[in-house]
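Asker: Contents are mmCIF, N, CA and C atoms and all ligand atoms; file name final.cif:
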data_protein
loop_
_atom_site.label_atom_id
_atom_site.label_comp_id
_atom_site.auth_asym_id
_atom_site.auth_seq_id
_atom_site.Cartn_x
_atom_site.Cartn_y
_atom_site.Cartn_z
N MET K 18 119.78 97.42 -132.87
CA MET K 18 120.51 96.42 -133.65
C MET K 18 122.01 96.62 -133.51
N ARG K 19 122.45 97.86 -133.60
CA ARG K 19 123.88 98.14 -133.48
C ARG K 19 124.42 97.67 -132.13
N ILE K 20 123.60 97.95 -131.11
CA ILE K 20 124.04 97.57 -129.77
C ILE K 20 124.14 96.05 -129.67
N PHE K 21 123.16 95.41 -130.29
CA PHE K 21 123.14 93.95 -130.27
C PHE K 21 124.42 93.40 -130.92
N THR K 22 124.77 93.96 -132.08
CA THR K 22 125.98 93.51 -132.77
C THR K 22 127.21 93.77 -131.91
N ALA K 23 127.23 94.94 -131.31
CA ALA K 23 128.37 95.28 -130.47
C ALA K 23 128.50 94.29 -129.32
N LEU K 24 127.37 93.89 -128.76
CA LEU K 24 127.41 92.93 -127.66
C LEU K 24 128.00 91.60 -128.11
N ILE K 25 127.55 91.17 -129.30
CA ILE K 25 128.04 89.88 -129.80
C ILE K 25 129.54 89.96 -130.08
N VAL K 26 129.93 91.04 -130.73
CA VAL K 26 131.35 91.19 -131.03
C VAL K 26 132.15 91.26 -129.73
N GLY K 27 131.62 91.99 -128.78
CA GLY K 27 132.30 92.09 -127.50
C GLY K 27 132.44 90.74 -126.84
N ALA K 28 131.37 89.96 -126.84
CA ALA K 28 131.40 88.64 -126.22
C ALA K 28 132.42 87.76 -126.91
N LEU K 29 132.47 87.87 -128.24
CA LEU K 29 133.44 87.05 -129.00
C LEU K 29 134.86 87.42 -128.62
N VAL K 30 135.11 88.71 -128.53
CA VAL K 30 136.46 89.17 -128.23
C VAL K 30 136.87 88.69 -126.84
N ILE K 31 135.96 88.80 -125.89
CA ILE K 31 136.30 88.35 -124.54
C ILE K 31 136.53 86.84 -124.54
N GLY K 32 135.65 86.12 -125.25
CA GLY K 32 135.79 84.67 -125.32
C GLY K 32 137.12 84.26 -125.92
N LEU K 33 137.48 84.90 -127.02
CA LEU K 33 138.75 84.59 -127.68
C LEU K 33 139.92 84.92 -126.77
N GLY K 34 139.82 86.07 -126.14
CA GLY K 34 140.90 86.49 -125.26
C GLY K 34 141.15 85.45 -124.18
N GLN K 35 140.07 84.92 -123.63
CA GLN K 35 140.23 83.91 -122.59
C GLN K 35 140.82 82.64 -123.15
N ALA K 36 140.36 82.24 -124.33
CA ALA K 36 140.86 81.01 -124.93
C ALA K 36 142.36 81.12 -125.15
N VAL K 37 142.81 82.31 -125.56
CA VAL K 37 144.23 82.49 -125.84
C VAL K 37 145.02 82.61 -124.54
N ALA K 38 144.45 83.31 -123.57
CA ALA K 38 145.22 83.59 -122.36
C ALA K 38 145.26 82.40 -121.41
N GLN K 39 144.24 81.54 -121.50
CA GLN K 39 144.13 80.47 -120.51
C GLN K 39 145.30 79.52 -120.36
N PRO K 40 145.69 78.79 -121.41
CA PRO K 40 146.57 77.66 -121.16
C PRO K 40 147.96 78.03 -120.68
N ALA K 41 148.48 79.16 -121.14
CA ALA K 41 149.88 79.43 -120.87
C ALA K 41 150.07 80.27 -119.62
N SER K 42 150.86 79.75 -118.73
CA SER K 42 151.31 80.54 -117.59
C SER K 42 152.54 81.30 -118.10
N PRO K 43 152.73 82.56 -117.69
CA PRO K 43 153.90 83.27 -118.20
C PRO K 43 155.17 82.43 -117.96
N GLY K 44 155.93 82.27 -119.00
CA GLY K 44 157.15 81.47 -118.89
C GLY K 44 156.95 80.03 -119.32
N ALA K 45 155.69 79.61 -119.53
CA ALA K 45 155.43 78.22 -119.91
C ALA K 45 156.15 77.87 -121.20
N GLU K 46 156.28 78.86 -122.08
CA GLU K 46 156.92 78.58 -123.37
C GLU K 46 158.41 78.28 -123.19
N LEU K 47 158.95 78.57 -122.02
CA LEU K 47 160.36 78.29 -121.75
C LEU K 47 160.58 76.86 -121.29
N LEU K 48 159.49 76.16 -121.01
CA LEU K 48 159.60 74.76 -120.60
C LEU K 48 159.57 73.89 -121.84
N PRO K 49 160.65 73.16 -122.12
CA PRO K 49 160.67 72.33 -123.33
C PRO K 49 159.66 71.20 -123.27
N GLU K 50 159.26 70.71 -124.45
CA GLU K 50 158.37 69.55 -124.51
C GLU K 50 159.03 68.38 -123.80
N GLY K 51 158.21 67.53 -123.23
CA GLY K 51 158.78 66.34 -122.60
C GLY K 51 157.79 65.74 -121.62
N ALA K 52 158.01 64.48 -121.28
CA ALA K 52 157.14 63.83 -120.31
C ALA K 52 157.25 64.57 -119.00
N GLY K 53 156.14 64.90 -118.42
CA GLY K 53 156.15 65.61 -117.14
C GLY K 53 155.84 67.09 -117.27
N ARG K 54 155.94 67.62 -118.49
CA ARG K 54 155.68 69.05 -118.67
C ARG K 54 154.25 69.41 -118.27
N GLU K 55 153.31 68.57 -118.71
CA GLU K 55 151.92 68.83 -118.37
C GLU K 55 151.72 68.85 -116.86
N ALA K 56 152.39 67.91 -116.19
CA ALA K 56 152.24 67.84 -114.74
C ALA K 56 152.79 69.11 -114.09
N VAL K 57 153.89 69.62 -114.61
CA VAL K 57 154.45 70.86 -114.07
C VAL K 57 153.44 71.99 -114.24
N LEU K 58 152.87 72.08 -115.46
CA LEU K 58 151.93 73.18 -115.71
C LEU K 58 150.69 73.03 -114.84
N LYS K 59 150.30 71.80 -114.55
CA LYS K 59 149.10 71.58 -113.76
C LYS K 59 149.37 71.85 -112.28
N VAL K 60 150.46 71.30 -111.78
CA VAL K 60 150.70 71.32 -110.33
C VAL K 60 151.44 72.59 -109.90
N CYS K 61 152.31 73.08 -110.75
CA CYS K 61 153.28 74.08 -110.29
C CYS K 61 152.95 75.51 -110.65
N THR K 62 151.84 75.75 -111.35
CA THR K 62 151.58 77.13 -111.76
C THR K 62 150.37 77.71 -111.02
N GLY K 63 149.93 77.03 -109.97
CA GLY K 63 148.80 77.55 -109.21
C GLY K 63 149.17 78.73 -108.34
N CYS K 64 150.37 78.72 -107.80
CA CYS K 64 150.77 79.79 -106.88
C CYS K 64 151.66 80.83 -107.55
N HIS K 65 152.42 80.40 -108.53
CA HIS K 65 153.31 81.33 -109.22
C HIS K 65 153.43 80.93 -110.67
N ALA K 66 153.95 81.84 -111.48
CA ALA K 66 154.08 81.58 -112.91
C ALA K 66 155.19 80.57 -113.16
N ALA K 67 155.12 79.94 -114.34
CA ALA K 67 156.16 78.99 -114.73
C ALA K 67 157.52 79.67 -114.77
N GLU K 68 157.53 80.96 -115.03
CA GLU K 68 158.84 81.64 -115.13
C GLU K 68 159.57 81.68 -113.80
N VAL K 69 158.84 81.58 -112.71
CA VAL K 69 159.49 81.51 -111.40
C VAL K 69 160.33 80.22 -111.32
N ILE K 70 159.81 79.17 -111.93
CA ILE K 70 160.51 77.88 -111.91
C ILE K 70 161.74 77.96 -112.82
N VAL K 71 161.52 78.52 -114.01
CA VAL K 71 162.61 78.59 -114.98
C VAL K 71 163.72 79.51 -114.47
N ASN K 72 163.33 80.58 -113.81
CA ASN K 72 164.32 81.58 -113.38
C ASN K 72 164.66 81.47 -111.91
N ARG K 73 164.63 80.30 -111.36
CA ARG K 73 164.83 80.19 -109.92
C ARG K 73 166.21 80.73 -109.53
N THR K 74 166.29 81.28 -108.37
CA THR K 74 167.53 81.93 -107.93
C THR K 74 168.38 81.01 -107.05
N GLN K 75 167.75 80.19 -106.24
CA GLN K 75 168.53 79.29 -105.38
C GLN K 75 168.87 78.04 -106.16
N LYS K 76 170.14 77.91 -106.55
CA LYS K 76 170.52 76.77 -107.37
C LYS K 76 171.19 75.68 -106.54
N ASP K 77 171.19 75.85 -105.22
CA ASP K 77 171.91 74.88 -104.40
C ASP K 77 171.01 73.70 -104.02
N MET K 78 169.75 73.75 -104.40
CA MET K 78 168.83 72.67 -104.07
C MET K 78 168.60 71.82 -105.30
N ALA K 79 168.68 70.51 -105.16
CA ALA K 79 168.35 69.63 -106.29
C ALA K 79 166.85 69.71 -106.56
N TRP K 80 166.46 69.45 -107.79
CA TRP K 80 165.05 69.60 -108.15
C TRP K 80 164.09 68.78 -107.29
N PRO K 81 164.45 67.51 -106.99
CA PRO K 81 163.50 66.77 -106.13
C PRO K 81 163.26 67.47 -104.79
N ASP K 82 164.31 68.12 -104.27
CA ASP K 82 164.15 68.85 -103.00
C ASP K 82 163.29 70.09 -103.17
N VAL K 83 163.47 70.76 -104.33
CA VAL K 83 162.63 71.93 -104.61
C VAL K 83 161.17 71.50 -104.68
N VAL K 84 160.92 70.42 -105.41
CA VAL K 84 159.55 69.94 -105.56
C VAL K 84 158.98 69.59 -104.18
N GLN K 85 159.79 68.91 -103.37
CA GLN K 85 159.33 68.54 -102.03
C GLN K 85 159.02 69.79 -101.21
N SER K 86 159.85 70.81 -101.35
CA SER K 86 159.61 72.01 -100.55
C SER K 86 158.32 72.71 -101.00
N MET K 87 157.98 72.57 -102.30
CA MET K 87 156.72 73.15 -102.79
C MET K 87 155.54 72.35 -102.25
N VAL K 88 155.71 71.04 -102.17
CA VAL K 88 154.65 70.21 -101.59
C VAL K 88 154.46 70.63 -100.12
N ASP K 89 155.56 70.88 -99.43
CA ASP K 89 155.45 71.33 -98.04
C ASP K 89 154.69 72.65 -97.94
N LYS K 90 154.84 73.47 -98.99
CA LYS K 90 154.13 74.76 -99.00
C LYS K 90 152.66 74.58 -99.35
N GLY K 91 152.30 73.42 -99.90
CA GLY K 91 150.90 73.20 -100.21
C GLY K 91 150.59 72.76 -101.63
N ALA K 92 151.64 72.51 -102.44
CA ALA K 92 151.38 72.01 -103.80
C ALA K 92 150.72 70.65 -103.70
N VAL K 93 149.69 70.47 -104.53
CA VAL K 93 148.92 69.21 -104.48
C VAL K 93 149.26 68.37 -105.71
N ALA K 94 149.84 67.20 -105.48
CA ALA K 94 150.21 66.32 -106.58
C ALA K 94 150.22 64.89 -106.08
N THR K 95 149.97 63.97 -106.99
CA THR K 95 150.07 62.56 -106.63
C THR K 95 151.56 62.20 -106.58
N PRO K 96 151.90 61.10 -105.89
CA PRO K 96 153.31 60.68 -105.86
C PRO K 96 153.87 60.50 -107.27
N GLU K 97 153.05 60.00 -108.20
CA GLU K 97 153.53 59.82 -109.58
C GLU K 97 153.85 61.17 -110.20
N GLU K 98 152.97 62.14 -109.97
CA GLU K 98 153.22 63.47 -110.55
C GLU K 98 154.50 64.07 -109.96
N ILE K 99 154.69 63.88 -108.67
CA ILE K 99 155.88 64.43 -108.04
C ILE K 99 157.14 63.84 -108.66
N GLU K 100 157.12 62.54 -108.89
CA GLU K 100 158.27 61.87 -109.50
C GLU K 100 158.49 62.38 -110.91
N GLN K 101 157.39 62.45 -111.66
CA GLN K 101 157.45 62.92 -113.06
C GLN K 101 158.02 64.32 -113.12
N ILE K 102 157.53 65.18 -112.23
CA ILE K 102 157.93 66.59 -112.24
C ILE K 102 159.41 66.71 -111.93
N ALA K 103 159.86 65.99 -110.90
CA ALA K 103 161.27 66.07 -110.51
C ALA K 103 162.15 65.57 -111.66
N ALA K 104 161.75 64.45 -112.28
CA ALA K 104 162.55 63.90 -113.37
C ALA K 104 162.56 64.85 -114.56
N TYR K 105 161.40 65.43 -114.84
CA TYR K 105 161.30 66.36 -115.98
C TYR K 105 162.19 67.58 -115.76
N LEU K 106 162.10 68.15 -114.56
CA LEU K 106 162.86 69.38 -114.30
C LEU K 106 164.37 69.12 -114.32
N GLU K 107 164.77 67.94 -113.83
CA GLU K 107 166.21 67.64 -113.85
C GLU K 107 166.73 67.57 -115.27
N LYS K 108 165.87 67.11 -116.18
CA LYS K 108 166.27 67.00 -117.56
C LYS K 108 166.10 68.33 -118.29
N ALA K 109 164.97 68.98 -118.07
CA ALA K 109 164.65 70.19 -118.82
C ALA K 109 165.44 71.40 -118.34
N LEU K 110 165.62 71.49 -117.02
CA LEU K 110 166.33 72.63 -116.45
C LEU K 110 167.46 72.09 -115.58
N PRO K 111 168.51 71.57 -116.21
CA PRO K 111 169.57 70.94 -115.42
C PRO K 111 170.22 71.96 -114.49
N GLU K 112 170.76 71.44 -113.41
CA GLU K 112 171.49 72.32 -112.49
C GLU K 112 172.52 73.09 -113.31
N THR K 113 172.48 74.37 -113.20
CA THR K 113 173.42 75.16 -113.98
C THR K 113 174.46 75.76 -113.05
N ALA K 114 175.67 75.89 -113.56
CA ALA K 114 176.74 76.46 -112.76
C ALA K 114 176.41 77.90 -112.44
N GLU K 115 176.96 78.41 -111.35
CA GLU K 115 176.78 79.82 -111.01
C GLU K 115 177.14 80.67 -112.22
N GLY K 116 176.39 81.73 -112.42
CA GLY K 116 176.75 82.66 -113.49
C GLY K 116 176.19 82.25 -114.85
N SER K 117 175.49 81.15 -114.91
CA SER K 117 174.88 80.77 -116.18
C SER K 117 173.85 81.82 -116.56
N THR K 118 173.75 82.10 -117.82
CA THR K 118 172.82 83.14 -118.24
C THR K 118 171.47 82.59 -118.67
N HIS K 119 171.33 81.28 -118.83
CA HIS K 119 170.07 80.72 -119.28
C HIS K 119 169.65 81.31 -120.59
C1 LIG V 201 151.14 76.19 -102.68
C2 LIG V 201 151.76 77.18 -103.53
C3 LIG V 201 152.89 76.71 -104.44
C4 LIG V 201 152.84 75.72 -105.40
C5 LIG V 201 151.66 74.87 -105.82
C6 LIG V 201 154.17 75.66 -105.98
N1 LIG V 201 154.97 76.62 -105.42
FE1 LIG V 201 156.85 77.06 -105.98
N2 LIG V 201 156.88 78.66 -104.72
C7 LIG V 201 155.88 78.97 -103.82
C8 LIG V 201 156.27 80.15 -103.08
C9 LIG V 201 155.44 80.82 -101.99
C10 LIG V 201 157.53 80.53 -103.59
C11 LIG V 201 158.39 81.73 -103.17
C12 LIG V 201 159.04 81.53 -101.83
C13 LIG V 201 160.19 80.64 -101.89
O1 LIG V 201 161.06 80.76 -102.78
O2 LIG V 201 160.33 79.77 -101.01
C14 LIG V 201 157.89 79.58 -104.60
C15 LIG V 201 159.04 79.63 -105.34
C16 LIG V 201 159.45 78.66 -106.23
C17 LIG V 201 160.72 78.64 -106.92
C18 LIG V 201 161.77 79.72 -106.85
C19 LIG V 201 162.80 79.44 -105.82
C20 LIG V 201 164.04 80.21 -106.13
O3 LIG V 201 165.09 79.78 -105.70
O4 LIG V 201 163.97 81.22 -106.84
C21 LIG V 201 160.77 77.50 -107.65
C22 LIG V 201 161.91 77.01 -108.52
C23 LIG V 201 159.52 76.82 -107.45
N3 LIG V 201 158.73 77.54 -106.60
C24 LIG V 201 159.19 75.62 -108.04
C25 LIG V 201 157.95 75.01 -107.93
C26 LIG V 201 157.62 73.74 -108.55
C27 LIG V 201 158.57 72.91 -109.39
C28 LIG V 201 156.32 73.49 -108.24
C29 LIG V 201 155.50 72.26 -108.61
C30 LIG V 201 155.96 71.03 -108.01
C31 LIG V 201 155.84 74.61 -107.41
N4 LIG V 201 156.86 75.49 -107.25
C32 LIG V 201 154.56 74.73 -106.94
C33 LIG V 201 154.68 78.31 -103.70
C34 LIG V 201 154.23 77.28 -104.48
#
Represent the structure from my file as structure tokens, please.
Answerer:
Amino acid sequence: MRIFTALIVGALVIGLGQAVAQPASPGAELLPEGAGREAVLKVCTGCHAAEVIVNRTQKDMAWPDVVQSMVDKGAVATPEEIEQIAAYLEKALPETAEGSTH
């Protein structure tokens, strides 16, 4: 009986852990609410965490070009999603001057 209870408790803990860990890619909380956010989380977090997007190092590329370069690398998105994502990122993470601390 004890083992049985332990199994159930264990299964619950694992289940809960997954439910909590699933939706958020590290850094997702840094992306403000807005139209296109869902598309970013869906399309852009398959290869790297959202924090890679938020903390990008090359600031000389406009967001639509960054998105296009990710598509060239293999990101899968519909043309609508690509547009949404580029528009969202331009608004949510505007081009920042060199030396910005974010
Ligand atoms: C097919 C895999 C893949 C997908 C999907 C993907 N990326 Fe990337 N991304 C990469 C790789 C690989 C790198 C690191 C190499 C590089 O910087 O070119 C990267 C790096 C980045 C960087 C960091 C560049 C820098 O200057 O620090 C940003 C920003 C970025 N991705 C944005 C996006 C956005 C926005 C999306 C969704 C449209 C996306 N990525 C989807 C593969 C992907």
Asker: Could you give me the residues within 8 Å of ligand LIG 201 (chain V), counting all atoms listed in the file, as a ChimeraX atom specification?
Answerer: /K:56-66,68-78,80,83-94,98-99,102-103,106
Asker: Export, as a compact mmCIF listing (two decimals), in the coordinates of the input, the selected residues with N, CA and C atoms.
Answerer:
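Done, and the output landed in result29.txt:
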# COMPACT_ATOMS: atom_id res chain seq x y z
N ALA K 56 152.39 67.91 -116.19
CA ALA K 56 152.24 67.84 -114.74
C ALA K 56 152.79 69.11 -114.09
N VAL K 57 153.89 69.62 -114.61
CA VAL K 57 154.45 70.86 -114.07
C VAL K 57 153.44 71.99 -114.24
N LEU K 58 152.87 72.08 -115.46
CA LEU K 58 151.93 73.18 -115.71
C LEU K 58 150.69 73.03 -114.84
N LYS K 59 150.30 71.80 -114.55
CA LYS K 59 149.10 71.58 -113.76
C LYS K 59 149.37 71.85 -112.28
N VAL K 60 150.46 71.30 -111.78
CA VAL K 60 150.70 71.32 -110.33
C VAL K 60 151.44 72.59 -109.90
N CYS K 61 152.31 73.08 -110.75
CA CYS K 61 153.28 74.08 -110.29
C CYS K 61 152.95 75.51 -110.65
N THR K 62 151.84 75.75 -111.35
CA THR K 62 151.58 77.13 -111.76
C THR K 62 150.37 77.71 -111.02
N GLY K 63 149.93 77.03 -109.97
CA GLY K 63 148.80 77.55 -109.21
C GLY K 63 149.17 78.73 -108.34
N CYS K 64 150.37 78.72 -107.80
CA CYS K 64 150.77 79.79 -106.88
C CYS K 64 151.66 80.83 -107.55
N HIS K 65 152.42 80.40 -108.53
CA HIS K 65 153.31 81.33 -109.22
C HIS K 65 153.43 80.93 -110.67
N ALA K 66 153.95 81.84 -111.48
CA ALA K 66 154.08 81.58 -112.91
C ALA K 66 155.19 80.57 -113.16
N GLU K 68 157.53 80.96 -115.03
CA GLU K 68 158.84 81.64 -115.13
C GLU K 68 159.57 81.68 -113.80
N VAL K 69 158.84 81.58 -112.71
CA VAL K 69 159.49 81.51 -111.40
C VAL K 69 160.33 80.22 -111.32
N ILE K 70 159.81 79.17 -111.93
CA ILE K 70 160.51 77.88 -111.91
C ILE K 70 161.74 77.96 -112.82
N VAL K 71 161.52 78.52 -114.01
CA VAL K 71 162.61 78.59 -114.98
C VAL K 71 163.72 79.51 -114.47
N ASN K 72 163.33 80.58 -113.81
CA ASN K 72 164.32 81.58 -113.38
C ASN K 72 164.66 81.47 -111.91
N ARG K 73 164.63 80.30 -111.36
CA ARG K 73 164.83 80.19 -109.92
C ARG K 73 166.21 80.73 -109.53
N THR K 74 166.29 81.28 -108.37
CA THR K 74 167.53 81.93 -107.93
C THR K 74 168.38 81.01 -107.05
N GLN K 75 167.75 80.19 -106.24
CA GLN K 75 168.53 79.29 -105.38
C GLN K 75 168.87 78.04 -106.16
N LYS K 76 170.14 77.91 -106.55
CA LYS K 76 170.52 76.77 -107.37
C LYS K 76 171.19 75.68 -106.54
N ASP K 77 171.19 75.85 -105.22
CA ASP K 77 171.91 74.88 -104.40
C ASP K 77 171.01 73.70 -104.02
N MET K 78 169.75 73.75 -104.40
CA MET K 78 168.83 72.67 -104.07
C MET K 78 168.60 71.82 -105.30
N TRP K 80 166.46 69.45 -107.79
CA TRP K 80 165.05 69.60 -108.15
C TRP K 80 164.09 68.78 -107.29
N VAL K 83 163.47 70.76 -104.33
CA VAL K 83 162.63 71.93 -104.61
C VAL K 83 161.17 71.50 -104.68
N VAL K 84 160.92 70.42 -105.41
CA VAL K 84 159.55 69.94 -105.56
C VAL K 84 158.98 69.59 -104.18
N GLN K 85 159.79 68.91 -103.37
CA GLN K 85 159.33 68.54 -102.03
C GLN K 85 159.02 69.79 -101.21
N SER K 86 159.85 70.81 -101.35
CA SER K 86 159.61 72.01 -100.55
C SER K 86 158.32 72.71 -101.00
N MET K 87 157.98 72.57 -102.30
CA MET K 87 156.72 73.15 -102.79
C MET K 87 155.54 72.35 -102.25
N VAL K 88 155.71 71.04 -102.17
CA VAL K 88 154.65 70.21 -101.59
C VAL K 88 154.46 70.63 -100.12
N ASP K 89 155.56 70.88 -99.43
CA ASP K 89 155.45 71.33 -98.04
C ASP K 89 154.69 72.65 -97.94
N LYS K 90 154.84 73.47 -98.99
CA LYS K 90 154.13 74.76 -99.00
C LYS K 90 152.66 74.58 -99.35
N GLY K 91 152.30 73.42 -99.90
CA GLY K 91 150.90 73.20 -100.21
C GLY K 91 150.59 72.76 -101.63
N ALA K 92 151.64 72.51 -102.44
CA ALA K 92 151.38 72.01 -103.80
C ALA K 92 150.72 70.65 -103.70
N VAL K 93 149.69 70.47 -104.53
CA VAL K 93 148.92 69.21 -104.48
C VAL K 93 149.26 68.37 -105.71
N ALA K 94 149.84 67.20 -105.48
CA ALA K 94 150.21 66.32 -106.58
C ALA K 94 150.22 64.89 -106.08
N GLU K 98 152.97 62.14 -109.97
CA GLU K 98 153.22 63.47 -110.55
C GLU K 98 154.50 64.07 -109.96
N ILE K 99 154.69 63.88 -108.67
CA ILE K 99 155.88 64.43 -108.04
C ILE K 99 157.14 63.84 -108.66
N ILE K 102 157.53 65.18 -112.23
CA ILE K 102 157.93 66.59 -112.24
C ILE K 102 159.41 66.71 -111.93
N ALA K 103 159.86 65.99 -110.90
CA ALA K 103 161.27 66.07 -110.51
C ALA K 103 162.15 65.57 -111.66
N LEU K 106 162.10 68.15 -114.56
CA LEU K 106 162.86 69.38 -114.30
C LEU K 106 164.37 69.12 -114.32
Asker: Record the distance separating atom N of Ala79 (chain K) and CA of Ala41 (chain K), expressed in Å with one decimal.
Answerer: 26.1 Å
Asker: Quick one: distance from atom N of Glu50 (chain K) to atom N of Pro81 (chain K) in Å, one decimal?
Answerer: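 Taking atom N of Glu50 (chain K) as the start and atom N of Pro81 (chain K) as the end point, the length is 18.5 Å.
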Asker: Just want the 6.5 Å neighbourhood of Ala52 (chain K), counted on all atoms listed in the file, with same-chain residues fewer than 2 positions away dropped. Output as a list in words.
Answerer: Glu50, Arg54, Glu55, Gln101 and Tyr105 of chain K
Asker: One number please: CA of Ser42 (chain K) to CA of Lys108 (chain K), in Å, one decimal.
Answerer: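 Result for CA of Ser42 (chain K) versus CA of Lys108 (chain K): 20.2 Å, one decimal.
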Asker: What would the file be for region 88-103 of chain K if you keep N, CA and C atoms and write it as an mmCIF file, in the first residue's frame?
Answerer:
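Below is the file that was written, decode-v3.cif:
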data_model
loop_
_atom_site.group_PDB
_atom_site.id
_atom_site.type_symbol
_atom_site.label_atom_id
_atom_site.label_comp_id
_atom_site.auth_asym_id
_atom_site.auth_seq_id
_atom_site.Cartn_x
_atom_site.Cartn_y
_atom_site.Cartn_z
ATOM 1 N N VAL K 88 14.148 31.898 -40.708
ATOM 2 C CA VAL K 88 13.417 31.064 -41.663
ATOM 3 C C VAL K 88 14.431 30.355 -42.573
ATOM 4 N N ASP K 89 15.466 31.077 -42.971
ATOM 5 C CA ASP K 89 16.502 30.464 -43.804
ATOM 6 C C ASP K 89 17.180 29.304 -43.068
ATOM 7 N N LYS K 90 17.257 29.440 -41.737
ATOM 8 C CA LYS K 90 17.874 28.366 -40.940
ATOM 9 C C LYS K 90 16.922 27.196 -40.758
ATOM 10 N N GLY K 91 15.630 27.409 -41.032
ATOM 11 C CA GLY K 91 14.698 26.299 -40.904
ATOM 12 C C GLY K 91 13.474 26.555 -40.049
ATOM 13 N N ALA K 92 13.299 27.801 -39.563
ATOM 14 C CA ALA K 92 12.094 28.099 -38.790
ATOM 15 C C ALA K 92 10.881 27.932 -39.688
ATOM 16 N N VAL K 93 9.854 27.281 -39.137
ATOM 17 C CA VAL K 93 8.649 27.001 -39.928
ATOM 18 C C VAL K 93 7.521 27.920 -39.469
ATOM 19 N N ALA K 94 7.049 28.770 -40.375
ATOM 20 C CA ALA K 94 5.974 29.698 -40.044
ATOM 21 C C ALA K 94 5.228 30.057 -41.308
ATOM 22 N N THR K 95 3.963 30.382 -41.146
ATOM 23 C CA THR K 95 3.195 30.853 -42.291
ATOM 24 C C THR K 95 3.601 32.301 -42.561
ATOM 25 N N PRO K 96 3.333 32.798 -43.778
ATOM 26 C CA PRO K 96 3.650 34.200 -44.072
ATOM 27 C C PRO K 96 2.994 35.151 -43.073
ATOM 28 N N GLU K 97 1.775 34.826 -42.633
ATOM 29 C CA GLU K 97 1.094 35.683 -41.649
ATOM 30 C C GLU K 97 1.861 35.693 -40.340
ATOM 31 N N GLU K 98 2.313 34.505 -39.922
ATOM 32 C CA GLU K 98 3.049 34.435 -38.660
ATOM 33 C C GLU K 98 4.354 35.232 -38.765
ATOM 34 N N ILE K 99 5.007 35.126 -39.902
ATOM 35 C CA ILE K 99 6.264 35.846 -40.083
ATOM 36 C C ILE K 99 6.038 37.349 -39.956
ATOM 37 N N GLU K 100 4.972 37.827 -40.570
ATOM 38 C CA GLU K 100 4.651 39.251 -40.500
ATOM 39 C C GLU K 100 4.331 39.659 -39.074
ATOM 40 N N GLN K 101 3.503 38.839 -38.423
ATOM 41 C CA GLN K 101 3.103 39.108 -37.031
ATOM 42 C C GLN K 101 4.322 39.171 -36.137
ATOM 43 N N ILE K 102 5.211 38.199 -36.311
ATOM 44 C CA ILE K 102 6.388 38.093 -35.447
ATOM 45 C C ILE K 102 7.285 39.307 -35.639
ATOM 46 N N ALA K 103 7.519 39.677 -36.895
ATOM 47 C CA ALA K 103 8.394 40.820 -37.163
ATOM 48 C C ALA K 103 7.794 42.093 -36.565
#
